[in-house]
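Shown next: final-v5.cif, containing mmCIF, C-alpha atoms; chains and numbers go by the auth columns.
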data_upload
loop_
_atom_site.group_PDB
_atom_site.id
_atom_site.type_symbol
_atom_site.label_atom_id
_atom_site.label_comp_id
_atom_site.label_asym_id
_atom_site.label_seq_id
_atom_site.Cartn_x
_atom_site.Cartn_y
_atom_site.Cartn_z
_atom_site.B_iso_or_equiv
_atom_site.auth_seq_id
_atom_site.auth_asym_id
ATOM 1 C CA MET A 1 137.333 21.626 14.087 0.00 198 A
ATOM 2 C CA ILE A 2 138.291 18.141 15.228 0.00 199 A
ATOM 3 C CA THR A 3 141.333 18.148 17.504 0.00 200 A
ATOM 4 C CA THR A 4 140.778 14.919 19.442 0.00 201 A
ATOM 5 C CA ILE A 5 140.134 11.392 18.233 0.00 202 A
ATOM 6 C CA ILE A 6 138.824 8.801 20.666 0.00 203 A
ATOM 7 C CA PHE A 7 139.075 5.118 19.864 0.00 204 A
ATOM 8 C CA ASP A 8 136.974 2.286 21.172 0.00 205 A
ATOM 9 C CA MET A 9 139.089 -0.860 21.631 0.00 206 A
ATOM 10 C CA ASN A 10 137.237 -4.140 21.115 0.00 207 A
ATOM 11 C CA GLY A 11 135.960 -4.404 17.576 0.00 208 A
ATOM 12 C CA VAL A 12 137.875 -1.273 16.552 0.00 209 A
ATOM 13 C CA ILE A 13 141.510 -2.006 17.394 0.00 210 A
ATOM 14 C CA THR A 14 141.279 -5.641 18.444 0.00 211 A
ATOM 15 C CA ASP A 15 139.484 -8.258 16.380 0.00 212 A
ATOM 16 C CA ASP A 16 138.421 -10.085 19.510 0.00 213 A
ATOM 17 C CA GLU A 17 134.664 -9.826 19.899 0.00 214 A
ATOM 18 C CA ASP A 18 134.526 -13.592 19.360 0.00 215 A
ATOM 19 C CA CYS A 19 137.005 -13.977 22.243 0.00 216 A
ATOM 20 C CA HIS A 20 134.804 -11.902 24.555 0.00 217 A
ATOM 21 C CA GLU A 21 131.772 -13.900 23.493 0.00 218 A
ATOM 22 C CA LEU A 22 133.504 -17.219 24.102 0.00 219 A
ATOM 23 C CA ALA A 23 134.830 -16.076 27.488 0.00 220 A
ATOM 24 C CA THR A 24 131.348 -14.895 28.495 0.00 221 A
ATOM 25 C CA LYS A 25 129.832 -18.173 27.350 0.00 222 A
ATOM 26 C CA LYS A 26 132.382 -20.199 29.333 0.00 223 A
ATOM 27 C CA ALA A 27 131.828 -18.113 32.479 0.00 224 A
ATOM 28 C CA PHE A 28 128.048 -18.482 32.401 0.00 225 A
ATOM 29 C CA GLN A 29 128.307 -22.189 31.647 0.00 226 A
ATOM 30 C CA LEU A 30 129.736 -22.513 35.165 0.00 227 A
ATOM 31 C CA VAL A 31 126.379 -21.380 36.585 0.00 228 A
ATOM 32 C CA GLY A 32 124.323 -23.434 34.149 0.00 229 A
ATOM 33 C CA ILE A 33 123.399 -20.652 31.701 0.00 230 A
ATOM 34 C CA ALA A 34 123.790 -20.991 27.924 0.00 231 A
ATOM 35 C CA ILE A 35 124.700 -17.680 26.259 0.00 232 A
ATOM 36 C CA THR A 36 123.561 -17.778 22.631 0.00 233 A
ATOM 37 C CA PRO A 37 124.871 -15.391 19.955 0.00 234 A
ATOM 38 C CA GLU A 38 121.521 -13.576 20.080 0.00 235 A
ATOM 39 C CA ILE A 39 121.721 -13.142 23.859 0.00 236 A
ATOM 40 C CA TYR A 40 125.326 -11.951 23.605 0.00 237 A
ATOM 41 C CA ARG A 41 124.495 -9.293 21.030 0.00 238 A
ATOM 42 C CA LYS A 42 121.464 -8.051 22.941 0.00 239 A
ATOM 43 C CA PHE A 43 123.104 -7.806 26.357 0.00 240 A
ATOM 44 C CA CYS A 44 126.871 -7.607 25.834 0.00 241 A
ATOM 45 C CA LEU A 45 127.941 -6.156 22.506 0.00 242 A
ATOM 46 C CA GLY A 46 129.435 -2.690 23.031 0.00 243 A
ATOM 47 C CA ARG A 47 128.485 -2.666 26.728 0.00 244 A
ATOM 48 C CA PRO A 48 130.551 -3.113 29.914 0.00 245 A
ATOM 49 C CA ASP A 49 130.411 -6.457 31.710 0.00 246 A
ATOM 50 C CA THR A 50 129.277 -4.715 34.890 0.00 247 A
ATOM 51 C CA THR A 51 125.999 -3.738 33.214 0.00 248 A
ATOM 52 C CA ALA A 52 125.557 -6.727 30.929 0.00 249 A
ATOM 53 C CA PHE A 53 126.316 -9.368 33.543 0.00 250 A
ATOM 54 C CA LYS A 54 124.007 -7.725 36.106 0.00 251 A
ATOM 55 C CA GLU A 55 121.150 -7.848 33.602 0.00 252 A
ATOM 56 C CA LEU A 56 121.951 -11.441 32.605 0.00 253 A
ATOM 57 C CA VAL A 57 122.091 -12.531 36.236 0.00 254 A
ATOM 58 C CA GLU A 58 118.681 -10.941 36.845 0.00 255 A
ATOM 59 C CA LYS A 59 117.197 -12.417 33.661 0.00 256 A
ATOM 60 C CA PHE A 60 118.330 -15.956 34.427 0.00 257 A
ATOM 61 C CA LYS A 61 117.789 -15.627 38.201 0.00 258 A
ATOM 62 C CA VAL A 62 121.415 -16.348 39.084 0.00 259 A
ATOM 63 C CA LYS A 63 122.446 -15.165 42.548 0.00 260 A
ATOM 64 C CA SER A 64 123.235 -11.442 42.274 0.00 261 A
ATOM 65 C CA SER A 65 126.303 -11.962 44.458 0.00 262 A
ATOM 66 C CA ASP A 66 127.816 -13.866 41.546 0.00 263 A
ATOM 67 C CA VAL A 67 128.167 -10.817 39.258 0.00 264 A
ATOM 68 C CA GLU A 68 131.655 -9.692 40.320 0.00 265 A
ATOM 69 C CA ASN A 69 132.862 -13.275 40.463 0.00 266 A
ATOM 70 C CA LEU A 70 131.492 -14.020 36.987 0.00 267 A
ATOM 71 C CA ILE A 71 133.212 -10.909 35.587 0.00 268 A
ATOM 72 C CA ALA A 72 136.512 -11.941 37.154 0.00 269 A
ATOM 73 C CA ILE A 73 136.162 -15.469 35.743 0.00 270 A
ATOM 74 C CA LYS A 74 135.230 -14.128 32.306 0.00 271 A
ATOM 75 C CA THR A 75 138.261 -11.817 32.343 0.00 272 A
ATOM 76 C CA GLN A 76 140.573 -14.729 33.106 0.00 273 A
ATOM 77 C CA PHE A 77 139.032 -16.796 30.311 0.00 274 A
ATOM 78 C CA TYR A 78 139.474 -13.842 27.919 0.00 275 A
ATOM 79 C CA LEU A 79 143.112 -13.267 28.873 0.00 276 A
ATOM 80 C CA GLU A 80 143.835 -16.964 28.419 0.00 277 A
ATOM 81 C CA ILE A 81 142.152 -17.014 24.986 0.00 278 A
ATOM 82 C CA ILE A 82 144.103 -14.010 23.647 0.00 279 A
ATOM 83 C CA LYS A 83 147.421 -14.917 25.286 0.00 280 A
ATOM 84 C CA ASP A 84 148.892 -16.479 22.169 0.00 281 A
ATOM 85 C CA ASP A 85 146.523 -15.142 19.529 0.00 282 A
ATOM 86 C CA LEU A 86 145.538 -11.489 19.906 0.00 283 A
ATOM 87 C CA LYS A 87 144.169 -10.424 16.533 0.00 284 A
ATOM 88 C CA ILE A 88 143.965 -6.793 15.406 0.00 285 A
ATOM 89 C CA TYR A 89 142.293 -5.209 12.413 0.00 286 A
ATOM 90 C CA PRO A 90 144.410 -4.454 9.328 0.00 287 A
ATOM 91 C CA ASP A 91 145.969 -0.972 9.237 0.00 288 A
ATOM 92 C CA VAL A 92 144.576 0.164 12.588 0.00 289 A
ATOM 93 C CA VAL A 93 147.894 0.407 14.454 0.00 290 A
ATOM 94 C CA GLU A 94 149.446 2.271 11.520 0.00 291 A
ATOM 95 C CA LEU A 95 146.445 4.636 11.613 0.00 292 A
ATOM 96 C CA LEU A 96 146.947 5.241 15.337 0.00 293 A
ATOM 97 C CA PHE A 97 150.579 6.244 14.855 0.00 294 A
ATOM 98 C CA LYS A 98 149.665 8.452 11.887 0.00 295 A
ATOM 99 C CA LEU A 99 146.855 10.266 13.716 0.00 296 A
ATOM 100 C CA HIS A 100 149.016 10.645 16.829 0.00 297 A
ATOM 101 C CA GLN A 101 151.254 13.009 14.870 0.00 298 A
ATOM 102 C CA LYS A 102 148.441 15.529 14.413 0.00 299 A
ATOM 103 C CA TYR A 103 145.645 14.817 16.907 0.00 300 A
ATOM 104 C CA THR A 104 145.234 14.149 20.610 0.00 301 A
ATOM 105 C CA LEU A 105 144.252 10.485 21.003 0.00 302 A
ATOM 106 C CA ALA A 106 142.277 8.779 23.760 0.00 303 A
ATOM 107 C CA LEU A 107 140.906 5.280 24.374 0.00 304 A
ATOM 108 C CA THR A 108 137.411 4.672 25.735 0.00 305 A
ATOM 109 C CA THR A 109 136.589 1.017 26.213 0.00 306 A
ATOM 110 C CA SER A 110 133.946 -1.076 27.943 0.00 307 A
ATOM 111 C CA SER A 111 136.617 -3.638 28.820 0.00 308 A
ATOM 112 C CA THR A 112 137.849 -4.244 32.341 0.00 309 A
ATOM 113 C CA PHE A 113 141.119 -2.632 33.400 0.00 310 A
ATOM 114 C CA GLU A 114 142.905 -5.980 33.249 0.00 311 A
ATOM 115 C CA GLU A 115 141.697 -6.664 29.711 0.00 312 A
ATOM 116 C CA MET A 116 142.519 -3.151 28.496 0.00 313 A
ATOM 117 C CA ASN A 117 145.928 -3.062 30.127 0.00 314 A
ATOM 118 C CA THR A 118 146.924 -6.433 28.681 0.00 315 A
ATOM 119 C CA VAL A 119 145.912 -5.394 25.171 0.00 316 A
ATOM 120 C CA VAL A 120 147.548 -1.944 25.042 0.00 317 A
ATOM 121 C CA ASN A 121 150.761 -3.279 26.549 0.00 318 A
ATOM 122 C CA SER A 122 150.835 -6.259 24.181 0.00 319 A
ATOM 123 C CA LEU A 123 150.393 -3.965 21.172 0.00 320 A
ATOM 124 C CA GLU A 124 152.768 -1.339 22.612 0.00 321 A
ATOM 125 C CA ILE A 125 150.270 1.482 21.987 0.00 322 A
ATOM 126 C CA LYS A 126 149.581 2.692 25.531 0.00 323 A
ATOM 127 C CA ASP A 127 151.766 5.798 25.173 0.00 324 A
ATOM 128 C CA LEU A 128 149.761 6.966 22.139 0.00 325 A
ATOM 129 C CA PHE A 129 146.760 7.757 24.341 0.00 326 A
ATOM 130 C CA GLU A 130 146.583 10.918 26.425 0.00 327 A
ATOM 131 C CA VAL A 131 143.700 9.436 28.429 0.00 328 A
ATOM 132 C CA ILE A 132 142.316 5.908 28.822 0.00 329 A
ATOM 133 C CA VAL A 133 138.848 5.260 30.250 0.00 330 A
ATOM 134 C CA CYS A 134 137.665 1.696 30.952 0.00 331 A
ATOM 135 C CA SER A 135 134.711 0.087 32.699 0.00 332 A
ATOM 136 C CA ARG A 136 135.971 0.664 36.242 0.00 333 A
ATOM 137 C CA ASP A 137 136.010 4.432 35.679 0.00 334 A
ATOM 138 C CA VAL A 138 132.276 4.858 35.055 0.00 335 A
ATOM 139 C CA ILE A 139 128.982 4.111 36.733 0.00 336 A
ATOM 140 C CA LYS A 140 126.941 3.934 33.544 0.00 337 A
ATOM 141 C CA GLY A 141 128.532 2.286 30.519 0.00 338 A
ATOM 142 C CA LYS A 142 127.750 2.584 26.832 0.00 339 A
ATOM 143 C CA PRO A 143 125.181 3.358 25.386 0.00 340 A
ATOM 144 C CA ASP A 144 125.044 5.987 28.147 0.00 341 A
ATOM 145 C CA PRO A 145 127.234 9.003 27.239 0.00 342 A
ATOM 146 C CA GLU A 146 129.145 8.893 30.543 0.00 343 A
ATOM 147 C CA PRO A 147 132.275 7.105 29.183 0.00 344 A
ATOM 148 C CA TYR A 148 132.810 9.683 26.441 0.00 345 A
ATOM 149 C CA LEU A 149 131.844 12.637 28.621 0.00 346 A
ATOM 150 C CA LEU A 150 134.388 11.485 31.201 0.00 347 A
ATOM 151 C CA THR A 151 137.043 11.109 28.511 0.00 348 A
ATOM 152 C CA ALA A 152 136.480 14.698 27.336 0.00 349 A
ATOM 153 C CA GLU A 153 136.530 15.926 30.935 0.00 350 A
ATOM 154 C CA LYS A 154 139.843 14.168 31.632 0.00 351 A
ATOM 155 C CA LEU A 155 141.304 15.599 28.427 0.00 352 A
ATOM 156 C CA GLY A 156 139.985 19.084 29.171 0.00 353 A
ATOM 157 C CA VAL A 157 138.381 19.414 25.736 0.00 354 A
ATOM 158 C CA HIS A 158 134.919 20.262 24.416 0.00 355 A
ATOM 159 C CA CYS A 159 132.874 17.366 23.071 0.00 356 A
ATOM 160 C CA ASN A 160 132.270 19.150 19.772 0.00 357 A
ATOM 161 C CA THR A 161 136.001 18.954 19.010 0.00 358 A
ATOM 162 C CA CYS A 162 136.037 15.160 19.438 0.00 359 A
ATOM 163 C CA LEU A 163 135.649 12.396 16.875 0.00 360 A
ATOM 164 C CA VAL A 164 134.932 8.861 18.073 0.00 361 A
ATOM 165 C CA ILE A 165 135.796 5.675 16.179 0.00 362 A
ATOM 166 C CA GLU A 166 133.249 2.983 17.090 0.00 363 A
ATOM 167 C CA ASP A 167 132.051 -0.381 15.790 0.00 364 A
ATOM 168 C CA SER A 168 128.882 -1.103 17.765 0.00 365 A
ATOM 169 C CA GLU A 169 125.416 0.382 17.877 0.00 366 A
ATOM 170 C CA ASN A 170 125.726 0.967 21.615 0.00 367 A
ATOM 171 C CA GLY A 171 129.078 2.676 21.160 0.00 368 A
ATOM 172 C CA VAL A 172 127.743 4.987 18.460 0.00 369 A
ATOM 173 C CA ARG A 173 124.752 5.880 20.627 0.00 370 A
ATOM 174 C CA SER A 174 127.098 6.701 23.508 0.00 371 A
ATOM 175 C CA ALA A 175 129.314 8.956 21.390 0.00 372 A
ATOM 176 C CA LYS A 176 126.427 10.822 19.787 0.00 373 A
ATOM 177 C CA ALA A 177 124.659 11.289 23.126 0.00 374 A
ATOM 178 C CA ALA A 178 127.873 12.919 24.386 0.00 375 A
ATOM 179 C CA GLY A 179 127.675 15.443 21.555 0.00 376 A
ATOM 180 C CA MET A 180 130.645 14.064 19.631 0.00 377 A
ATOM 181 C CA LYS A 181 131.123 13.239 15.976 0.00 378 A
ATOM 182 C CA CYS A 182 131.400 9.532 15.226 0.00 379 A
ATOM 183 C CA PHE A 183 132.765 7.279 12.514 0.00 380 A
ATOM 184 C CA ALA A 184 131.406 3.736 12.632 0.00 381 A
ATOM 185 C CA ILE A 185 133.379 0.926 11.051 0.00 382 A
ATOM 186 C CA THR A 186 131.552 -2.210 9.960 0.00 383 A
ATOM 187 C CA ASN A 187 133.874 -4.632 11.756 0.00 384 A
ATOM 188 C CA THR A 188 131.292 -6.263 14.018 0.00 385 A
ATOM 189 C CA GLU A 189 127.878 -4.879 13.014 0.00 386 A
ATOM 190 C CA ASP A 190 125.985 -4.349 9.789 0.00 387 A
ATOM 191 C CA ALA A 191 125.750 -0.777 8.548 0.00 388 A
ATOM 192 C CA ILE A 192 121.991 -0.801 9.139 0.00 389 A
ATOM 193 C CA ASN A 193 122.681 -0.826 12.903 0.00 390 A
ATOM 194 C CA LEU A 194 125.120 2.094 12.716 0.00 391 A
ATOM 195 C CA GLN A 195 122.967 4.737 11.048 0.00 392 A
ATOM 196 C CA LEU A 196 123.372 7.261 13.890 0.00 393 A
ATOM 197 C CA ALA A 197 127.055 7.672 13.000 0.00 394 A
ATOM 198 C CA ASP A 198 128.206 10.689 11.004 0.00 395 A
ATOM 199 C CA SER A 199 130.006 8.405 8.569 0.00 396 A
ATOM 200 C CA ILE A 200 130.070 4.638 8.100 0.00 397 A
ATOM 201 C CA ILE A 201 133.298 3.123 6.794 0.00 398 A
ATOM 202 C CA SER A 202 134.478 -0.382 5.991 0.00 399 A
ATOM 203 C CA GLU A 203 138.268 0.104 5.982 0.00 400 A
ATOM 204 C CA TYR A 204 140.654 2.274 7.981 0.00 401 A
ATOM 205 C CA SER A 205 142.261 3.581 4.805 0.00 402 A
ATOM 206 C CA GLU A 206 139.087 5.644 4.340 0.00 403 A
ATOM 207 C CA ILE A 207 139.975 7.782 7.373 0.00 404 A
ATOM 208 C CA THR A 208 141.797 10.833 6.027 0.00 405 A
ATOM 209 C CA ASP A 209 142.225 14.422 7.220 0.00 406 A
ATOM 210 C CA GLN A 210 139.721 15.455 4.568 0.00 407 A
ATOM 211 C CA LEU A 211 137.091 13.037 5.888 0.00 408 A
ATOM 212 C CA ILE A 212 137.817 13.993 9.522 0.00 409 A
ATOM 213 C CA GLN A 213 137.572 17.734 8.998 0.00 410 A
ATOM 214 C CA GLY A 214 134.669 17.342 6.570 0.00 411 A
ATOM 215 C CA ILE A 215 132.245 16.174 9.227 0.00 412 A
#

Output the file's structure in the form of structure tokens.
Amino acid sequence: MITTIIFDMNGVITDDEDCHELATKKAFQLVGIAITPEIYRKFCLGRPDTTAFKELVEKFKVKSSDVENLIAIKTQFYLEIIKDDLKIYPDVVELLFKLHQKYTLALTTSSTFEEMNTVVNSLEIKDLFEVIVCSRDVIKGKPDPEPYLLTAEKLGVHCNTCLVIEDSENGVRSAKAAGMKCFAITNTEDAINLQLADSIISEYSEITDQLIQGI
């Protein structure tokens, strides 16, 4: 029986993957590297900056000492981009409040603490989550199961009682590797990339108690 629902943030709650991509592009431009959409999807989509930026720095032979600085710069670009225009997906906040009445909720995001904190405070949803895990809390990010395993540990629940809401292939892989059920919503990726999920949905109105308990 599902008792806990864990949300990813970017691409699930916030419609801001383009903002992360632009911020990443602007940060790497400062060291002479052009981040194409293909490069962004391969290295960054659904993954923490700590992992993605380390791999990008190695690939393009940028000084490894620049990783933390590049992440900090990217975060500032991101916060500036969303400052006056933070977009969210239709019906997702209403869904959060509805599910909060019956289930324990948690947030597991690859975002930095600063990015996560700004978003949840802006949307006034921080108090809905019993536990929040972000990139600074883990050593291995998605698609490794560590983020979701840590979330379950902090909640004190078994993974088989958890349902994850994800949008990316890497996020789905992380949730399933942790032994959790997973709904994938086609906000940022085509359904063909989300086949590991237990159910693939296109709108939040599809998430009902019947669907949740039916998995």

Give me the stretch 273-329 of chain A side of the contact with stretch 243-251 of chain A, cut-off 12 Å, one line per residue showing its nearest atom pair and distance in Å at one decimal, counting all atoms listed in the file, sorted by chain and residue number, as JSON lines.
{"residue": "A:Thr305", "atom": "CA", "partner": "A:Gly243", "partner_atom": "CA", "distance": 11.2}
{"residue": "A:Thr306", "atom": "CA", "partner": "A:Pro245", "partner_atom": "CA", "distance": 8.2}
{"residue": "A:Ser307", "atom": "CA", "partner": "A:Pro245", "partner_atom": "CA", "distance": 4.4}
{"residue": "A:Ser308", "atom": "CA", "partner": "A:Pro245", "partner_atom": "CA", "distance": 6.2}
{"residue": "A:Thr309", "atom": "CA", "partner": "A:Pro245", "partner_atom": "CA", "distance": 7.8}
{"residue": "A:Phe310", "atom": "CA", "partner": "A:Pro245", "partner_atom": "CA", "distance": 11.1}
{"residue": "A:Glu312", "atom": "CA", "partner": "A:Asp246", "partner_atom": "CA", "distance": 11.5}

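Considering the residues A:Ile382, A:His297, A:Ser396, A:Pro342 and counting only C-alpha atoms, A:Lys323 has its shortest atom-to-atom contact with A:His297.
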
(message) For a quick check of understanding, using all atoms listed in the file, which of A:Val369, A:Leu408, A:Leu302, A:Ile236 has the smallest distance to A:Asn390?
(response) A:Val369

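Among A:Ser399, A:Gln298, A:Val259, A:Thr358, the residue with the shortest atom-to-atom distance to A:Ile412, counting only C-alpha atoms, is A:Thr358.
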
(message) Ranking A:Thr200, A:Ser402, A:Ser365, A:Asn357 by minimum distance to A:Ile389 and counting only C-alpha atoms, which one comes first?
(response) A:Ser365

Adding 5 Å on each side of the box along x, y and z that holds all listed atoms of stretch 284-291 of chain A, could you give its centre and edge lengths in Å to one decimal, as lines of an AutoDock Vina configuration file?
center_x = 145.9
center_y = -4.1
center_z = 12.9
size_x = 17.2
size_y = 22.7
size_z = 17.3

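Reported to one decimal place, the separation of atom CA of A:Lys258 from atom CA of A:Glu343 is 28.1 Å.
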
(message) Taking all atoms listed in the file into account, name the residue in A:Cys241, A:Ser371, A:Asp213, A:Ile199 that is nearest to A:Lys337.
(response) A:Ser371

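Counting only C-alpha atoms and comparing A:Ala224, A:Cys331, A:Val354, A:Leu346, the residue that lies closest to A:Val264 is A:Ala224.
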
(request) Neighbourhood query: residues within 12 Å of (126.8, -4.9, 13.1), file coordinates, counting only C-alpha atoms; return as a VMD selection string. (result) chain A and resid 208 214 238 to 239 242 to 243 363 to 369 381 to 392 397 399

(request) Have a look at atom CA of A:Leu293 and atom CA of A:Leu325 and let me know their distance in Å, one decimal. (result) 7.6 Å

(message) Under the PyMOL selection byres ((chain A and resi 411) around 12), which residues of this model are included? Write them out as a list in words.
(response) Met198, Ile199, Leu360, Lys378, Phe380, Asp395, Ser396, Ile404, Thr405, Asp406, Gln407, Leu408, Ile409, Gln410 and Ile412 of chain A

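The residues returned by the PyMOL selection byres ((chain A and resi 320) around 10) on the shown structure are Ile210, Thr211, Leu283, Ile285, Val290, Thr315, Val316, Val317, Asn318, Ser319, Glu321, Ile322 and Lys323 of chain A.
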
If you keep C-alpha atoms, can you produce a file of those selected residues as an mmCIF file, in the coordinates of the input?
data_model
loop_
_atom_site.group_PDB
_atom_site.id
_atom_site.type_symbol
_atom_site.label_atom_id
_atom_site.label_comp_id
_atom_site.auth_asym_id
_atom_site.auth_seq_id
_atom_site.Cartn_x
_atom_site.Cartn_y
_atom_site.Cartn_z
ATOM 1 C CA ILE A 210 141.510 -2.006 17.394
ATOM 2 C CA THR A 211 141.279 -5.641 18.444
ATOM 3 C CA LEU A 283 145.538 -11.489 19.906
ATOM 4 C CA ILE A 285 143.965 -6.793 15.406
ATOM 5 C CA VAL A 290 147.894 0.407 14.454
ATOM 6 C CA THR A 315 146.924 -6.433 28.681
ATOM 7 C CA VAL A 316 145.912 -5.394 25.171
ATOM 8 C CA VAL A 317 147.548 -1.944 25.042
ATOM 9 C CA ASN A 318 150.761 -3.279 26.549
ATOM 10 C CA SER A 319 150.835 -6.259 24.181
ATOM 11 C CA GLU A 321 152.768 -1.339 22.612
ATOM 12 C CA ILE A 322 150.270 1.482 21.987
ATOM 13 C CA LYS A 323 149.581 2.692 25.531
#

(request) Can you pull out every residue within 12 Å of A:Gly229, counting only C-alpha atoms, but drop anything in the same chain fewer than 6 positions away, and send it as a VMD selection string? (result) chain A and resid 222 to 223 254 257 to 260

(request) Would you mind reading off the distance between atom CA of A:Asp281 and atom CA of A:Glu311, one decimal, in Å? (result) 16.4 Å

(message) For a cutoff of 10 Å around the file-coordinate point (125.6, -19.6, 22.7), which residues qualify once you count all atoms listed in the file? I'd like the result as a ChimeraX atom specification.
(response) /A:218-219,221-223,226,230-237

Take stretch 305-319 of chain A, bring it up to N, CA, C and O atoms, and give me the output as a PDB file, keeping the file's coordinate frame.
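What follows is the written file out.pdb:
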ATOM      1  N   THR A 305     138.584   4.818  24.872  1.00  0.00           N
ATOM      2  CA  THR A 305     137.411   4.672  25.735  1.00  0.00           C
ATOM      3  C   THR A 305     136.802   3.306  25.470  1.00  0.00           C
ATOM      4  O   THR A 305     136.201   3.071  24.426  1.00  0.00           O
ATOM      5  N   THR A 306     136.974   2.404  26.418  1.00  0.00           N
ATOM      6  CA  THR A 306     136.589   1.017  26.213  1.00  0.00           C
ATOM      7  C   THR A 306     135.678   0.504  27.315  1.00  0.00           C
ATOM      8  O   THR A 306     135.776   0.943  28.466  1.00  0.00           O
ATOM      9  N   SER A 307     134.811  -0.421  26.957  1.00  0.00           N
ATOM     10  CA  SER A 307     133.946  -1.076  27.943  1.00  0.00           C
ATOM     11  C   SER A 307     134.654  -2.237  28.633  1.00  0.00           C
ATOM     12  O   SER A 307     134.085  -2.870  29.522  1.00  0.00           O
ATOM     13  N   SER A 308     135.870  -2.529  28.234  1.00  0.00           N
ATOM     14  CA  SER A 308     136.617  -3.638  28.820  1.00  0.00           C
ATOM     15  C   SER A 308     137.004  -3.347  30.266  1.00  0.00           C
ATOM     16  O   SER A 308     137.066  -2.190  30.699  1.00  0.00           O
ATOM     17  N   THR A 309     137.318  -4.407  30.992  1.00  0.00           N
ATOM     18  CA  THR A 309     137.849  -4.244  32.341  1.00  0.00           C
ATOM     19  C   THR A 309     139.263  -3.685  32.257  1.00  0.00           C
ATOM     20  O   THR A 309     139.909  -3.730  31.205  1.00  0.00           O
ATOM     21  N   PHE A 310     139.759  -3.174  33.378  1.00  0.00           N
ATOM     22  CA  PHE A 310     141.119  -2.632  33.400  1.00  0.00           C
ATOM     23  C   PHE A 310     142.137  -3.696  33.009  1.00  0.00           C
ATOM     24  O   PHE A 310     143.068  -3.426  32.250  1.00  0.00           O
ATOM     25  N   GLU A 311     141.951  -4.904  33.529  1.00  0.00           N
ATOM     26  CA  GLU A 311     142.905  -5.980  33.249  1.00  0.00           C
ATOM     27  C   GLU A 311     142.944  -6.313  31.762  1.00  0.00           C
ATOM     28  O   GLU A 311     144.019  -6.518  31.185  1.00  0.00           O
ATOM     29  N   GLU A 312     141.773  -6.371  31.139  1.00  0.00           N
ATOM     30  CA  GLU A 312     141.697  -6.664  29.711  1.00  0.00           C
ATOM     31  C   GLU A 312     142.348  -5.541  28.895  1.00  0.00           C
ATOM     32  O   GLU A 312     143.164  -5.791  28.007  1.00  0.00           O
ATOM     33  N   MET A 313     141.966  -4.307  29.216  1.00  0.00           N
ATOM     34  CA  MET A 313     142.519  -3.151  28.496  1.00  0.00           C
ATOM     35  C   MET A 313     144.030  -3.083  28.642  1.00  0.00           C
ATOM     36  O   MET A 313     144.764  -2.916  27.656  1.00  0.00           O
ATOM     37  N   ASN A 314     144.506  -3.212  29.856  1.00  0.00           N
ATOM     38  CA  ASN A 314     145.928  -3.062  30.127  1.00  0.00           C
ATOM     39  C   ASN A 314     146.745  -4.127  29.399  1.00  0.00           C
ATOM     40  O   ASN A 314     147.816  -3.839  28.843  1.00  0.00           O
ATOM     41  N   THR A 315     146.232  -5.348  29.378  1.00  0.00           N
ATOM     42  CA  THR A 315     146.924  -6.433  28.681  1.00  0.00           C
ATOM     43  C   THR A 315     147.021  -6.136  27.189  1.00  0.00           C
ATOM     44  O   THR A 315     148.083  -6.320  26.584  1.00  0.00           O
ATOM     45  N   VAL A 316     145.937  -5.657  26.610  1.00  0.00           N
ATOM     46  CA  VAL A 316     145.912  -5.394  25.171  1.00  0.00           C
ATOM     47  C   VAL A 316     146.849  -4.258  24.789  1.00  0.00           C
ATOM     48  O   VAL A 316     147.681  -4.401  23.887  1.00  0.00           O
ATOM     49  N   VAL A 317     146.737  -3.100  25.458  1.00  0.00           N
ATOM     50  CA  VAL A 317     147.548  -1.944  25.042  1.00  0.00           C
ATOM     51  C   VAL A 317     149.030  -2.185  25.279  1.00  0.00           C
ATOM     52  O   VAL A 317     149.880  -1.699  24.515  1.00  0.00           O
ATOM     53  N   ASN A 318     149.353  -2.950  26.313  1.00  0.00           N
ATOM     54  CA  ASN A 318     150.761  -3.279  26.549  1.00  0.00           C
ATOM     55  C   ASN A 318     151.277  -4.288  25.530  1.00  0.00           C
ATOM     56  O   ASN A 318     152.412  -4.181  25.061  1.00  0.00           O
ATOM     57  N   SER A 319     150.436  -5.260  25.175  1.00  0.00           N
ATOM     58  CA  SER A 319     150.835  -6.259  24.181  1.00  0.00           C
ATOM     59  C   SER A 319     151.098  -5.614  22.830  1.00  0.00           C
ATOM     60  O   SER A 319     152.040  -5.992  22.120  1.00  0.00           O
TER      61      SER A 319
END
